[in-house]
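Data block below; observations after.
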Amino acid sequence: MTATPASPTTSTPSPTPSAEAAVLDTAPEAALDTAYFRRWIAETNRLVRRDSARLTELDAVIGDGDHGANLVRGFGAVGAAVAEQRPTTPGALLTLAGTTLTNTVGGASGPLFGTALRRTGKVLGDTGTPTVTELGAALGAGLKSVQKLGGAELGDATLVDALAPAVTALAEAGEADRPLREALDEAVRAARAGADATEALEARKGRASYLGERSIGHQDAGANSVALLMEALRAAVDAPEAELVTEEPAAAEEPAQVREQAPKTRTGRVGIVLVSHSKAVAESVAALAGALIGSVEPAPLAVAGGTPDGGIGTSAELITAAARSVDEGRGVAVLCDMGSAVLTVNALLGEEPSQLPDGTRIVDAPFLEGAVAITLTSAIGGDIDAVLAAAEDARGYRKR
Ligand code: ADP
Ligand code: MG
């Protein structure tokens with residue numbers, strides 16, 4: 001088999017794409033430049049599409065069976081964003097990829113992968129062609145940001161169990177001055193081994209943790225997709241420049257999803273946003289909270305329920321639109337139902353600059369009780385501290 005290796009350092013598409021990316025001993029050293037990371041997005045799209053059914057199957061056994069679809073949608077949107085905006089540095093490309101994932105995936109993996117890539121991109125900064133060591137260090141910062149966001153430690157059977165060993169492998173390979181292909185081979189091996197090892201572990205984070213010990217015996221879906229992303233990093237070295245997948249994410253149907261109860265002209269109340277995986281749940285809880293308030297003039301309240309296409313999940317886009325629609329300059333309290341809704345809001349709060357209005361805070365309370373408490377407190381004119389305190393009270397209310 002013959003192959004023409006991709007041009008090592010050009011940032012323009014390779015004019016002679018090879019049919020197969022063979023690993024040749026004589027292959028020239030490739031550079032981790034912007035063109036390389038574009039190829040990485042293309043390869044990631046190829047691999048997540050190829051393995052989508054498997055990822056979904058893994059997630060179906062101990063989760064909710066949407067992981068493959070989540071990644072296909074998310075990285076499709078990343079492909080479209082990169083093709084359209086044409087970032088000119090690896091850092092800018094990864095930052096864009098991260099923001100896009102957070103904004104388009106309605107599952108926990110969106111904000112988690114999104115935060116990791118965004119942080120990686122930020123740490124790379126303006127570097128034109130990072131070294132293996134620099135990439136490893138930046139991914140290490142990405143790993144830390146995921147752990148901060150999701151609270152997972154090594155051994156909790158999450159994507160952290162594949163990402164952490166891959167980061168270590170890159171650091172060690174960089175230290176030993178190994179050639180790029182070997183360094184990435186090591187990262188793939190480490191991530192793969194980490195993902196395989198989740199089978200013996202009890203899941204302690206994410207949906208799979210609801211199963212407790214019954215999660216043992218099944219591999220974690222997210223750890224497998226990290227291994228896939230590493231495979232794509234390796235494949236991108238020798239891959240020809242490919243067309244980026246340019247699948248547009250489904251357009252948001254804002255008017256149908258964001259319900260605004262208060263006229264925007266009134267000012268001076270704390271805005272309330274209810275975020276649920278389900279549009280029906282968010283709207284019903286909002287209706288109940290409104291009804292229980294009685295004759296008090298209603299608080300500015302909006303819901304962000306489900307995904308823009310009407311599915312179950314969380315949408316950063318809908319949350320941002322909802323928060324803006326209720327902002328009257330006194331802060332916005334965001335109450336989420338669970339899991340990825342919380343992760344998405346925290347990821348949005350962590351972005352700089354944040355798309356959310358100034359003074360937006362996440363509320364820690366059970367969804368229904370919290371919604372009633374904060375809606376009433378805002379309606380009677382309480383400030384953001386009073387609203388947060390009301391949520392605290394709702395959280396402390398015991399039922400037995
Ligand atoms: P969802 O769980 O919302 O359906 P996905 O199915 O897309 O989202 O992603 C599930 C994966 O996300 C899990 O397999 C796990 O690797 C990862 N995950 C979930 N919660 C956490 C967390 N708190 N910390 C780290 N990883 C997590
Ligand atoms: Mg899932």
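For the structure tokens, the naming scheme is as follows: chains receive sequential letters (A, B, ...) according to their order of presentation, residues are indexed from 1 within each chain, and ligands are indexed from 1 in presentation order.
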
**Request:** Please identify all polymer residues within 12 Å of A:Leu301, counting only C-alpha atoms, omitting same-chain residues fewer than 3 positions from it, and present them as number ranges by chain.
**Result:** A: 258-264, 269-275, 282-283, 285-287, 289-290, 297-298, 304, 319, 321-328, 332-335, 371-372, 374-376, 378-379

**Message:** Taking only C-alpha atoms and all ligand atoms into account, list the residues no farther than 9 Å from ligand 2, as a ChimeraX atom specification.
**Reply:** /A:56,59-60,62-68,70,107-109,206-208,221-222

Got time to write the residues from that selection, C-alpha atoms, as a compact mmCIF listing (two decimals), in the first residue's frame?
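Result file follows (result_19.txt):
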# COMPACT_ATOMS: atom_id res chain seq x y z
CA THR A 56 -25.51 4.99 22.64
CA ASP A 59 -25.20 4.76 27.63
CA ALA A 60 -28.48 2.86 27.28
CA ILE A 62 -26.53 2.46 32.62
CA GLY A 63 -27.72 5.87 31.39
CA ASP A 64 -30.39 7.11 29.02
CA GLY A 65 -29.08 6.05 25.62
CA ASP A 66 -28.37 9.41 24.05
CA HIS A 67 -24.59 9.68 24.24
CA GLY A 68 -23.84 8.74 20.62
CA ASN A 70 -25.27 13.85 21.63
CA GLY A 107 -26.79 16.19 27.82
CA ALA A 108 -24.10 16.23 30.51
CA SER A 109 -21.41 15.51 27.95
CA GLY A 206 -23.81 11.22 36.29
CA ARG A 207 -26.91 9.17 35.53
CA ALA A 208 -25.08 5.84 35.83
CA ALA A 221 -19.91 5.76 27.63
CA GLY A 222 -18.13 9.09 28.15

**Request:** Would you mind telling me which residue in A:Val363, A:Ala200, A:Val72, A:Val237 lies nearest to A:Gly106 when using only C-alpha atoms?
**Result:** A:Val72

I need the residues in stretch 187-363 of chain A that are strand (DSSP E) according to DSSP; give them as a short mmCIF file (atom, residue, chain, number, x, y, z; two decimals) with N, CA and C atoms, in the first residue's frame.
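Printed below is out.cif as written:
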data_model
loop_
_atom_site.label_atom_id
_atom_site.label_comp_id
_atom_site.auth_asym_id
_atom_site.auth_seq_id
_atom_site.Cartn_x
_atom_site.Cartn_y
_atom_site.Cartn_z
N GLY A 271 -35.04 38.30 38.31
CA GLY A 271 -35.54 37.40 37.26
C GLY A 271 -35.45 35.94 37.73
N ILE A 272 -36.40 35.15 37.30
CA ILE A 272 -36.42 33.72 37.66
C ILE A 272 -36.39 32.89 36.38
N VAL A 273 -35.48 31.92 36.33
CA VAL A 273 -35.44 31.01 35.19
C VAL A 273 -35.55 29.58 35.72
N LEU A 274 -36.49 28.84 35.20
CA LEU A 274 -36.63 27.43 35.57
C LEU A 274 -36.11 26.57 34.42
N VAL A 275 -35.12 25.75 34.73
CA VAL A 275 -34.50 24.93 33.70
C VAL A 275 -34.81 23.46 33.97
N SER A 276 -35.47 22.83 33.04
CA SER A 276 -35.72 21.40 33.20
C SER A 276 -35.34 20.66 31.94
N LEU A 301 -40.59 35.69 35.02
CA LEU A 301 -40.20 34.28 35.03
C LEU A 301 -40.19 33.73 33.62
N ALA A 302 -39.17 32.95 33.31
CA ALA A 302 -39.13 32.29 32.01
C ALA A 302 -38.67 30.86 32.23
N VAL A 303 -39.07 29.98 31.35
CA VAL A 303 -38.61 28.61 31.45
C VAL A 303 -37.70 28.27 30.28
N ALA A 304 -36.75 27.38 30.54
CA ALA A 304 -35.93 26.81 29.47
C ALA A 304 -36.08 25.31 29.62
N GLY A 305 -37.00 24.75 28.88
CA GLY A 305 -37.30 23.34 29.04
C GLY A 305 -36.92 22.53 27.82
N VAL A 332 -30.52 37.50 38.31
CA VAL A 332 -31.39 36.44 37.80
C VAL A 332 -31.07 35.16 38.57
N ALA A 333 -32.10 34.53 39.12
CA ALA A 333 -31.91 33.26 39.83
C ALA A 333 -32.31 32.12 38.91
N VAL A 334 -31.38 31.18 38.72
CA VAL A 334 -31.64 30.07 37.81
C VAL A 334 -31.77 28.79 38.63
N LEU A 335 -32.91 28.14 38.50
CA LEU A 335 -33.15 26.89 39.24
C LEU A 335 -33.25 25.75 38.23
N CYS A 336 -32.46 24.71 38.47
CA CYS A 336 -32.39 23.59 37.52
C CYS A 336 -32.99 22.34 38.13
N THR A 360 -26.32 36.88 37.57
CA THR A 360 -27.05 35.61 37.45
C THR A 360 -26.46 34.61 38.45
N ARG A 361 -27.31 33.96 39.20
CA ARG A 361 -26.84 33.00 40.20
C ARG A 361 -27.62 31.69 40.06
N ILE A 362 -26.93 30.60 40.36
CA ILE A 362 -27.62 29.31 40.33
C ILE A 362 -28.19 29.05 41.72
N VAL A 363 -29.38 28.50 41.73
CA VAL A 363 -30.08 28.27 42.99
C VAL A 363 -29.96 26.80 43.37
#

**Request:** Once DSSP has gone over the backbone, tell me which residues of stretch 60-191 of chain A are in alpha helix (DSSP H), as a PyMOL selection string.
**Result:** chain A and resi 60-62+67-85+90-104+109-124+132-150+160-175+180-191

**Contacts of A:Gly350 within 12 Å, only C-alpha atoms, excl. fewer than 6 positions in-chain, as a ChimeraX atom specification** = /A:99,102,111,114-116,118-119,145-146,148-149,343-344,356,360-362

Would you write out those residues with N, CA, C and O atoms, as a PDB file, in the first residue's frame?
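File written: again02.pdb
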ATOM      1  N   THR A  99     -17.079  25.947  23.202  1.00  0.00           N
ATOM      2  CA  THR A  99     -18.286  26.769  23.362  1.00  0.00           C
ATOM      3  C   THR A  99     -19.437  26.161  22.574  1.00  0.00           C
ATOM      4  O   THR A  99     -20.572  26.098  23.041  1.00  0.00           O
ATOM      5  N   THR A 102     -20.873  23.066  24.404  1.00  0.00           N
ATOM      6  CA  THR A 102     -21.706  23.463  25.543  1.00  0.00           C
ATOM      7  C   THR A 102     -23.050  23.980  25.054  1.00  0.00           C
ATOM      8  O   THR A 102     -24.086  23.713  25.648  1.00  0.00           O
ATOM      9  N   PRO A 111     -21.689  20.238  28.258  1.00  0.00           N
ATOM     10  CA  PRO A 111     -20.898  21.142  29.098  1.00  0.00           C
ATOM     11  C   PRO A 111     -19.585  20.542  29.576  1.00  0.00           C
ATOM     12  O   PRO A 111     -18.611  21.275  29.761  1.00  0.00           O
ATOM     13  N   GLY A 114     -17.349  20.332  26.502  1.00  0.00           N
ATOM     14  CA  GLY A 114     -17.236  21.731  26.095  1.00  0.00           C
ATOM     15  C   GLY A 114     -16.288  22.505  26.990  1.00  0.00           C
ATOM     16  O   GLY A 114     -15.411  23.234  26.514  1.00  0.00           O
ATOM     17  N   THR A 115     -16.453  22.332  28.289  1.00  0.00           N
ATOM     18  CA  THR A 115     -15.585  23.042  29.234  1.00  0.00           C
ATOM     19  C   THR A 115     -14.138  22.587  29.071  1.00  0.00           C
ATOM     20  O   THR A 115     -13.201  23.399  29.109  1.00  0.00           O
ATOM     21  N   ALA A 116     -13.951  21.282  28.885  1.00  0.00           N
ATOM     22  CA  ALA A 116     -12.579  20.757  28.735  1.00  0.00           C
ATOM     23  C   ALA A 116     -11.899  21.374  27.513  1.00  0.00           C
ATOM     24  O   ALA A 116     -10.749  21.842  27.594  1.00  0.00           O
ATOM     25  N   ARG A 118     -12.752  24.087  25.820  1.00  0.00           N
ATOM     26  CA  ARG A 118     -12.635  25.546  25.950  1.00  0.00           C
ATOM     27  C   ARG A 118     -11.419  25.921  26.793  1.00  0.00           C
ATOM     28  O   ARG A 118     -10.632  26.791  26.436  1.00  0.00           O
ATOM     29  N   ARG A 119     -11.277  25.221  27.903  1.00  0.00           N
ATOM     30  CA  ARG A 119     -10.153  25.509  28.795  1.00  0.00           C
ATOM     31  C   ARG A 119      -8.826  25.164  28.101  1.00  0.00           C
ATOM     32  O   ARG A 119      -7.845  25.894  28.191  1.00  0.00           O
ATOM     33  N   SER A 145     -10.672  21.442  34.751  1.00  0.00           N
ATOM     34  CA  SER A 145     -11.912  22.229  34.673  1.00  0.00           C
ATOM     35  C   SER A 145     -13.134  21.309  34.655  1.00  0.00           C
ATOM     36  O   SER A 145     -14.171  21.642  35.212  1.00  0.00           O
ATOM     37  N   VAL A 146     -12.991  20.150  34.020  1.00  0.00           N
ATOM     38  CA  VAL A 146     -14.101  19.184  34.019  1.00  0.00           C
ATOM     39  C   VAL A 146     -14.340  18.652  35.426  1.00  0.00           C
ATOM     40  O   VAL A 146     -15.477  18.498  35.876  1.00  0.00           O
ATOM     41  N   LYS A 148     -13.665  20.170  38.171  1.00  0.00           N
ATOM     42  CA  LYS A 148     -14.246  21.238  38.980  1.00  0.00           C
ATOM     43  C   LYS A 148     -15.749  21.347  38.677  1.00  0.00           C
ATOM     44  O   LYS A 148     -16.573  21.493  39.582  1.00  0.00           O
ATOM     45  N   LEU A 149     -16.089  21.242  37.421  1.00  0.00           N
ATOM     46  CA  LEU A 149     -17.488  21.386  37.030  1.00  0.00           C
ATOM     47  C   LEU A 149     -18.335  20.196  37.482  1.00  0.00           C
ATOM     48  O   LEU A 149     -19.414  20.366  38.026  1.00  0.00           O
ATOM     49  N   LEU A 343     -24.958  21.346  35.187  1.00  0.00           N
ATOM     50  CA  LEU A 343     -23.643  21.465  34.539  1.00  0.00           C
ATOM     51  C   LEU A 343     -23.663  22.555  33.471  1.00  0.00           C
ATOM     52  O   LEU A 343     -22.723  23.340  33.349  1.00  0.00           O
ATOM     53  N   THR A 344     -24.731  22.597  32.704  1.00  0.00           N
ATOM     54  CA  THR A 344     -24.801  23.591  31.632  1.00  0.00           C
ATOM     55  C   THR A 344     -24.803  24.999  32.204  1.00  0.00           C
ATOM     56  O   THR A 344     -24.082  25.882  31.723  1.00  0.00           O
ATOM     57  N   LEU A 356     -24.657  35.261  30.105  1.00  0.00           N
ATOM     58  CA  LEU A 356     -25.770  35.444  31.029  1.00  0.00           C
ATOM     59  C   LEU A 356     -25.751  36.858  31.599  1.00  0.00           C
ATOM     60  O   LEU A 356     -24.690  37.478  31.700  1.00  0.00           O
ATOM     61  N   THR A 360     -26.324  36.883  37.565  1.00  0.00           N
ATOM     62  CA  THR A 360     -27.046  35.606  37.454  1.00  0.00           C
ATOM     63  C   THR A 360     -26.460  34.610  38.455  1.00  0.00           C
ATOM     64  O   THR A 360     -25.237  34.472  38.559  1.00  0.00           O
ATOM     65  N   ARG A 361     -27.310  33.958  39.202  1.00  0.00           N
ATOM     66  CA  ARG A 361     -26.839  32.996  40.201  1.00  0.00           C
ATOM     67  C   ARG A 361     -27.623  31.693  40.059  1.00  0.00           C
ATOM     68  O   ARG A 361     -28.805  31.709  39.716  1.00  0.00           O
ATOM     69  N   ILE A 362     -26.931  30.597  40.360  1.00  0.00           N
ATOM     70  CA  ILE A 362     -27.616  29.311  40.331  1.00  0.00           C
ATOM     71  C   ILE A 362     -28.187  29.052  41.722  1.00  0.00           C
ATOM     72  O   ILE A 362     -27.572  29.393  42.734  1.00  0.00           O
TER      73      ILE A 362
END

**Message:** So the first atom is atom CA of A:Thr377 and the second is atom CA of A:Glu317; what is the distance between them in Å, to one decimal place?
**Reply:**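 According to the coordinates, atom CA of A:Thr377 and atom CA of A:Glu317 are separated by 26.3 Å.
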
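Among the candidate residues A:Thr100, A:Arg73, A:Gly91, A:Arg192, the one lying nearest to A:Asp309 is A:Arg73, with distances computed using only C-alpha atoms.
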
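When only C-alpha atoms and all ligand atoms are used to compute distances to ligand 1, the closest of the residues A:Arg50, A:Arg400, A:Arg330, A:His218 turns out to be A:His218.
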
**Prompt:** Can you list, as an MDAnalysis selection string, every protein, DNA or RNA residue that comes within 7 Å of A:Ser315 when you count only C-alpha atoms, leaving out same-chain residues fewer than 6 positions away?
**Reply:** chainID A and resid 103:106 306:308

Residues near A:Lys205, anyone? I mean within 7 Å using only C-alpha atoms, not counting same-chain ones fewer than 3 positions away, as a short mmCIF file (atom, residue, chain, number, x, y, z; two decimals) with N, CA, C and O atoms, in the first residue's frame.
data_model
loop_
_atom_site.label_atom_id
_atom_site.label_comp_id
_atom_site.auth_asym_id
_atom_site.auth_seq_id
_atom_site.Cartn_x
_atom_site.Cartn_y
_atom_site.Cartn_z
N ALA A 152 -16.09 14.93 39.51
CA ALA A 152 -15.66 13.53 39.43
C ALA A 152 -14.17 13.38 39.75
O ALA A 152 -13.35 14.18 39.31
N ASP A 156 -14.26 7.22 39.49
CA ASP A 156 -15.71 7.37 39.63
C ASP A 156 -16.45 6.84 38.39
O ASP A 156 -17.66 7.01 38.27
N THR A 158 -16.20 7.75 35.06
CA THR A 158 -16.67 8.79 34.14
C THR A 158 -15.60 9.01 33.08
O THR A 158 -14.56 8.36 33.07
N ALA A 208 -25.43 7.23 35.51
CA ALA A 208 -25.08 5.84 35.83
C ALA A 208 -24.97 5.64 37.34
O ALA A 208 -25.18 4.53 37.84
N SER A 209 -24.67 6.71 38.08
CA SER A 209 -24.51 6.58 39.53
C SER A 209 -25.85 6.24 40.21
O SER A 209 -25.87 5.71 41.31
#

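From atom CA of A:Ala187 back to atom CA of A:Leu93, the distance works out to 20.9 Å.
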
**Item:** Using only C-alpha atoms and all ligand atoms: which of A:Arg204, A:Arg49, A:Arg54, A:Arg86 has the shortest distance to ligand 1
**Value:** A:Arg204

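In this model, the gap between atom CA of A:Ala83 and atom CA of A:Leu244 comes to 6.5 Å.
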